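Asker: PDB, C-alpha atoms, file start.pdb:
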ATOM      1  CA  MET Z   6      20.321 164.226  66.218
ATOM      2  CA  ASP Z   7      17.954 162.772  63.657
ATOM      3  CA  MET Z   8      18.439 159.224  62.455
ATOM      4  CA  THR Z   9      19.033 158.634  58.786
ATOM      5  CA  LYS Z  10      16.498 156.472  57.010
ATOM      6  CA  LYS Z  11      19.085 153.699  56.738
ATOM      7  CA  GLU Z  12      19.664 153.814  60.520
ATOM      8  CA  LYS Z  13      15.895 153.746  61.063
ATOM      9  CA  ILE Z  14      15.656 150.657  58.836
ATOM     10  CA  LEU Z  15      18.461 148.965  60.799
ATOM     11  CA  ASN Z  16      16.912 149.820  64.174
ATOM     12  CA  GLU Z  17      13.431 148.676  63.204
ATOM     13  CA  SER Z  18      14.831 145.539  61.579
ATOM     14  CA  LEU Z  19      16.670 144.702  64.791
ATOM     15  CA  THR Z  20      13.453 145.083  66.773
ATOM     16  CA  LEU Z  21      11.343 142.999  64.399
ATOM     17  CA  PHE Z  22      13.957 140.270  63.953
ATOM     18  CA  ALA Z  23      14.424 140.155  67.745
ATOM     19  CA  GLN Z  24      10.679 139.818  68.288
ATOM     20  CA  HIS Z  25       9.875 137.340  65.523
ATOM     21  CA  GLY Z  26      13.055 135.833  64.066
ATOM     22  CA  PHE Z  27      14.284 136.035  60.494
ATOM     23  CA  ALA Z  28      11.691 133.730  58.915
ATOM     24  CA  HIS Z  29       8.680 135.545  60.362
ATOM     25  CA  VAL Z  30       9.653 139.075  59.328
ATOM     26  CA  SER Z  31       8.926 140.396  55.861
ATOM     27  CA  VAL Z  32      10.448 143.372  54.119
ATOM     28  CA  SER Z  33       6.925 144.839  54.071
ATOM     29  CA  MET Z  34       6.775 144.629  57.860
ATOM     30  CA  ILE Z  35      10.125 146.389  58.162
ATOM     31  CA  ALA Z  36       9.097 149.105  55.705
ATOM     32  CA  LYS Z  37       5.872 149.765  57.591
ATOM     33  CA  GLN Z  38       7.623 149.829  60.989
ATOM     34  CA  ALA Z  39      10.413 152.110  59.716
ATOM     35  CA  GLY Z  40       8.016 154.386  57.826
ATOM     36  CA  VAL Z  41       9.809 153.873  54.513
ATOM     37  CA  THR Z  42       9.066 152.168  51.218
ATOM     38  CA  LYS Z  43      10.159 148.641  50.363
ATOM     39  CA  SER Z  44      12.059 150.074  47.400
ATOM     40  CA  LEU Z  45      14.150 152.215  49.775
ATOM     41  CA  ILE Z  46      15.046 149.111  51.764
ATOM     42  CA  PHE Z  47      16.093 147.362  48.555
ATOM     43  CA  HIS Z  48      18.074 150.464  47.587
ATOM     44  CA  HIS Z  49      20.195 150.060  50.741
ATOM     45  CA  PHE Z  50      20.112 146.266  51.015
ATOM     46  CA  GLU Z  51      20.044 143.794  48.144
ATOM     47  CA  ASN Z  52      17.635 141.437  49.920
ATOM     48  CA  LYS Z  53      16.347 140.462  53.354
ATOM     49  CA  GLU Z  54      19.366 138.202  53.938
ATOM     50  CA  MET Z  55      21.752 141.115  53.359
ATOM     51  CA  LEU Z  56      19.675 143.247  55.722
ATOM     52  CA  TRP Z  57      19.902 140.511  58.383
ATOM     53  CA  GLU Z  58      23.696 140.345  57.960
ATOM     54  CA  THR Z  59      24.017 144.129  58.072
ATOM     55  CA  VAL Z  60      21.949 144.329  61.259
ATOM     56  CA  LYS Z  61      24.275 141.785  62.896
ATOM     57  CA  GLU Z  62      27.428 143.560  61.771
ATOM     58  CA  HIS Z  63      26.117 147.036  62.581
ATOM     59  CA  PHE Z  64      25.111 146.335  66.151
ATOM     60  CA  PHE Z  65      27.986 143.997  66.893
ATOM     61  CA  SER Z  66      30.524 146.546  65.650
ATOM     62  CA  LYS Z  67      29.135 149.120  68.104
ATOM     63  CA  TYR Z  68      30.152 146.804  70.925
ATOM     64  CA  ALA Z  69      33.340 145.370  69.422
ATOM     65  CA  ALA Z  70      35.169 148.632  68.738
ATOM     66  CA  HIS Z  71      34.953 149.731  72.373
ATOM     67  CA  GLN Z  72      35.898 146.279  73.645
ATOM     68  CA  MET Z  73      38.998 146.130  71.422
ATOM     69  CA  ASP Z  74      40.028 149.550  72.743
ATOM     70  CA  LEU Z  75      39.567 148.277  76.285
ATOM     71  CA  PHE Z  76      41.835 145.304  75.536
ATOM     72  CA  GLU Z  77      44.588 147.703  74.533
ATOM     73  CA  THR Z  78      44.183 150.349  77.243
ATOM     74  CA  GLU Z  79      43.480 148.378  80.442
ATOM     75  CA  LYS Z  80      46.707 146.750  81.597
ATOM     76  CA  ASP Z  81      45.442 145.157  84.838
ATOM     77  CA  PRO Z  82      43.859 141.791  83.858
ATOM     78  CA  ILE Z  83      41.440 141.732  86.803
ATOM     79  CA  GLU Z  84      40.279 145.285  86.057
ATOM     80  CA  LEU Z  85      39.982 144.308  82.389
ATOM     81  CA  ILE Z  86      37.595 141.471  83.261
ATOM     82  CA  LYS Z  87      35.563 143.750  85.544
ATOM     83  CA  LYS Z  88      35.353 146.539  82.973
ATOM     84  CA  THR Z  89      34.550 144.097  80.176
ATOM     85  CA  MET Z  90      31.678 142.555  82.110
ATOM     86  CA  LEU Z  91      30.343 145.944  83.184
ATOM     87  CA  TYR Z  92      30.627 147.361  79.665
ATOM     88  CA  TYR Z  93      28.838 144.349  78.164
ATOM     89  CA  PHE Z  94      26.080 144.583  80.779
ATOM     90  CA  ASN Z  95      25.532 148.287  80.147
ATOM     91  CA  PHE Z  96      25.678 147.814  76.375
ATOM     92  CA  ILE Z  97      22.931 145.181  76.566
ATOM     93  CA  ARG Z  98      20.943 147.287  79.046
ATOM     94  CA  GLU Z  99      20.984 150.125  76.499
ATOM     95  CA  ASN Z 100      20.261 147.751  73.578
ATOM     96  CA  PRO Z 101      17.931 145.081  75.033
ATOM     97  CA  MET Z 102      16.900 143.737  71.618
ATOM     98  CA  ILE Z 103      20.439 142.624  70.789
ATOM     99  CA  PRO Z 104      20.540 139.408  72.864
ATOM    100  CA  ARG Z 105      17.088 138.442  71.570
ATOM    101  CA  PHE Z 106      18.237 139.078  67.986
ATOM    102  CA  PHE Z 107      21.376 136.986  68.452
ATOM    103  CA  ALA Z 108      19.369 134.249  70.203
ATOM    104  CA  TYR Z 109      17.334 133.888  67.005
ATOM    105  CA  ALA Z 110      20.545 133.883  64.970
ATOM    106  CA  HIS Z 111      21.929 131.095  67.170
ATOM    107  CA  LEU Z 112      18.714 129.084  66.896
ATOM    108  CA  GLU Z 113      19.067 129.333  63.121
ATOM    109  CA  ASN Z 114      22.639 127.932  63.404
ATOM    110  CA  ASP Z 115      23.962 131.173  61.950
ATOM    111  CA  ASP Z 116      27.723 130.651  62.172
ATOM    112  CA  ASN Z 117      28.470 134.223  61.095
ATOM    113  CA  CYS Z 118      27.888 135.241  64.711
ATOM    114  CA  GLY Z 119      30.912 133.220  65.762
ATOM    115  CA  LYS Z 120      32.939 134.775  62.973
ATOM    116  CA  LEU Z 121      32.011 138.261  64.138
ATOM    117  CA  ASP Z 122      33.060 137.778  67.751
ATOM    118  CA  ARG Z 123      35.979 135.436  67.133
ATOM    119  CA  PRO Z 124      38.602 138.253  67.139
ATOM    120  CA  LEU Z 125      37.277 139.464  70.507
ATOM    121  CA  VAL Z 126      37.287 135.973  71.983
ATOM    122  CA  GLU Z 127      40.784 135.281  70.653
ATOM    123  CA  ARG Z 128      42.204 138.533  72.048
ATOM    124  CA  GLY Z 129      40.365 138.196  75.348
ATOM    125  CA  GLY Z 130      41.434 134.559  75.647
ATOM    126  CA  GLU Z 131      45.045 135.486  74.960
ATOM    127  CA  LEU Z 132      45.008 138.142  77.688
ATOM    128  CA  ILE Z 133      43.406 135.741  80.173
ATOM    129  CA  ARG Z 134      46.048 133.086  79.382
ATOM    130  CA  GLN Z 135      48.775 135.684  79.984
ATOM    131  CA  ALA Z 136      47.218 136.502  83.368
ATOM    132  CA  GLN Z 137      47.059 132.788  84.161
ATOM    133  CA  LYS Z 138      50.749 132.331  83.314
ATOM    134  CA  ALA Z 139      51.627 135.384  85.415
ATOM    135  CA  GLY Z 140      49.825 133.824  88.420
ATOM    136  CA  ILE Z 141      47.124 136.522  88.529
ATOM    137  CA  MET Z 142      44.314 134.140  87.591
ATOM    138  CA  ARG Z 143      43.814 130.467  88.343
ATOM    139  CA  GLN Z 144      45.244 128.214  85.660
ATOM    140  CA  ASP Z 145      42.633 125.463  85.901
ATOM    141  CA  PHE Z 146      40.000 126.942  83.583
ATOM    142  CA  ASN Z 147      39.663 127.520  79.867
ATOM    143  CA  PRO Z 148      39.532 131.279  79.129
ATOM    144  CA  VAL Z 149      36.702 130.752  76.637
ATOM    145  CA  VAL Z 150      34.570 129.277  79.430
ATOM    146  CA  LEU Z 151      34.975 132.518  81.396
ATOM    147  CA  ILE Z 152      33.964 134.589  78.360
ATOM    148  CA  LEU Z 153      31.024 132.306  77.586
ATOM    149  CA  ASN Z 154      29.939 132.401  81.222
ATOM    150  CA  PHE Z 155      29.622 136.149  81.535
ATOM    151  CA  ILE Z 156      28.027 136.594  78.107
ATOM    152  CA  ALA Z 157      25.461 133.875  78.806
ATOM    153  CA  VAL Z 158      24.560 135.167  82.266
ATOM    154  CA  ILE Z 159      24.205 138.778  81.146
ATOM    155  CA  ASN Z 160      22.169 137.849  78.070
ATOM    156  CA  GLN Z 161      19.885 135.641  80.136
ATOM    157  CA  TYR Z 162      19.457 138.358  82.760
ATOM    158  CA  PHE Z 163      17.809 140.484  80.083
ATOM    159  CA  VAL Z 164      16.152 137.853  77.889
ATOM    160  CA  ALA Z 165      14.670 135.718  80.663
ATOM    161  CA  SER Z 166      13.657 138.381  83.171
ATOM    162  CA  CYS Z 167      10.104 136.962  83.159
ATOM    163  CA  ASN Z 168      11.536 133.776  84.675
ATOM    164  CA  PHE Z 169      14.202 135.133  87.021
ATOM    165  CA  SER Z 170      12.045 137.933  88.428
ATOM    166  CA  VAL Z 171       9.739 135.207  89.784
ATOM    167  CA  TRP Z 172      12.707 133.741  91.645
ATOM    168  CA  ASP Z 173      13.738 137.068  93.153
ATOM    169  CA  PRO Z 174      12.270 140.348  91.868
ATOM    170  CA  SER Z 175      14.907 142.350  93.752
ATOM    171  CA  ILE Z 176      17.563 141.477  91.162
ATOM    172  CA  TYR Z 177      15.598 143.597  88.694
ATOM    173  CA  ASP Z 178      14.857 146.387  91.173
ATOM    174  CA  ASP Z 179      18.552 147.259  91.248
ATOM    175  CA  PRO Z 180      20.434 146.073  88.128
ATOM    176  CA  ASP Z 181      23.658 147.730  89.314
ATOM    177  CA  THR Z 182      23.719 145.562  92.436
ATOM    178  CA  PHE Z 183      23.081 142.483  90.290
ATOM    179  CA  ILE Z 184      26.002 143.157  87.936
ATOM    180  CA  ASN Z 185      28.339 144.142  90.770
ATOM    181  CA  ASP Z 186      27.480 140.945  92.653
ATOM    182  CA  PHE Z 187      28.036 138.905  89.492
ATOM    183  CA  ILE Z 188      31.358 140.595  88.784
ATOM    184  CA  ASN Z 189      32.554 140.055  92.370
ATOM    185  CA  ILE Z 190      31.564 136.378  92.341
ATOM    186  CA  THR Z 191      33.289 135.862  89.005
ATOM    187  CA  ILE Z 192      36.491 137.668  90.035
ATOM    188  CA  GLU Z 193      36.720 135.693  93.264
ATOM    189  CA  GLY Z 194      36.291 132.499  91.269
ATOM    190  CA  ILE Z 195      39.143 133.229  88.835
ATOM    191  CA  ARG Z 196      41.654 134.997  91.083
ATOM    192  CA  ALA Z 197      44.788 132.980  91.786
TER     193      ALA Z 197
END
What does the file become when written as structure tokens?
Answerer:
Amino acid sequence: MDMTKKEKILNESLTLFAQHGFAHVSVSMIAKQAGVTKSLIFHHFENKEMLWETVKEHFFSKYAAHQMDLFETEKDPIELIKKTMLYYFNFIRENPMIPRFFAYAHLENDDNCGKLDRPLVERGGELIRQAQKAGIMRQDFNPVVLILNFIAVINQYFVASCNFSVWDPSIYDDPDTFINDFINITIEGIRA
């Protein structure tokens, strides 16, 4: 299936913003990379700021819709945590520019990121608290810390591979073993 020109602009914008940050990317750079004219970019997006916001929303929504479905369909809280971590890992593996893009957004103190994922964190936190009250998970941790923990570790696995592969290259030889080990360690740490 061929990408539309708008999708091409979004994909190339993600790549450039992830490589250079918002301030160091021009609309001309995006146009050249996407093989379109600047006027076409301005036809779809009012300005570079709107393009930046649309890139965030576009790629975040790809992840969020599936995660919200998972919240509603998986009834076992431990399986939900496992599937959530595995889904996030595979989503980032398939879209490796996303954590770099959001790292730049965080460095810019872009609070829209928190607004985008707040519904996911609230729903996930609520389900974790329910599992804690039911005695399925330990009660001595803040659910947001669990969510932050797995997001941070998975993002860093991809963003900082140049560092961690020096520590132990085998964790990059077999990413499935890495994520399964991480999931098992996490589950053992939260199980009641």
Asker: Counting only C-alpha atoms, which residues in range 86-182 of chain Z sit no more than 8 Å from range 8-20 of chain Z? For each one, give the nearest pair of atoms and the distance in Å, sorted by chain then residue number, as JSON lines.
Answerer:
{"residue": "Z:Met102", "atom": "CA", "partner": "Z:Thr20", "partner_atom": "CA", "distance": 6.1}
{"residue": "Z:Ile103", "atom": "CA", "partner": "Z:Leu19", "partner_atom": "CA", "distance": 7.4}
{"residue": "Z:Phe106", "atom": "CA", "partner": "Z:Leu19", "partner_atom": "CA", "distance": 6.7}
Asker: For Asp81 in chain Z, list every protein, DNA or RNA residue within 12 Å, evaluated using only C-alpha atoms, and leave out those in the same chain fewer than 3 positions away; present the list as a ChimeraX atom specification.
Answerer: /Z:75-78,84-89,132-133,135-136,139,141-142
Asker: Quick one: distance from CA of Lys67 in chain Z to CA of Phe47 in chain Z in Å, one decimal?
Answerer: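 CA of Lys67 in chain Z sits 23.6 Å away from CA of Phe47 in chain Z.
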Asker: What do you get, as a count of residues only, if you spell out every residue that the PyMOL selection byres ((chain Z and resi 91) around 10) selects here?
Answerer: 19
Asker: Between Z:Ile195, Z:Ala110, Z:Met73, Z:Val171, which residue has the minimum interatomic distance to Gly129 in chain Z, considering all atoms listed in the file?
Answerer: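 Once distances to Gly129 in chain Z are computed over all atoms listed in the file, the minimum belongs to Z:Met73.
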Asker: Which neighbours of range 21-25 of chain Z fall inside 12 Å, counting all atoms listed in the file, when residues of the same chain fewer than 2 positions from it are skipped, and could you give them as a VMD selection string?
Answerer: chain Z and resid 14 to 19 27 to 39 53 to 54 56 to 58 60 to 61 100 to 112 164
Asker: So how far away is CA of Val126 in chain Z from CA of Arg196 in chain Z, in Å?
Answerer: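 That distance, rounded to one decimal, is 19.6 Å.
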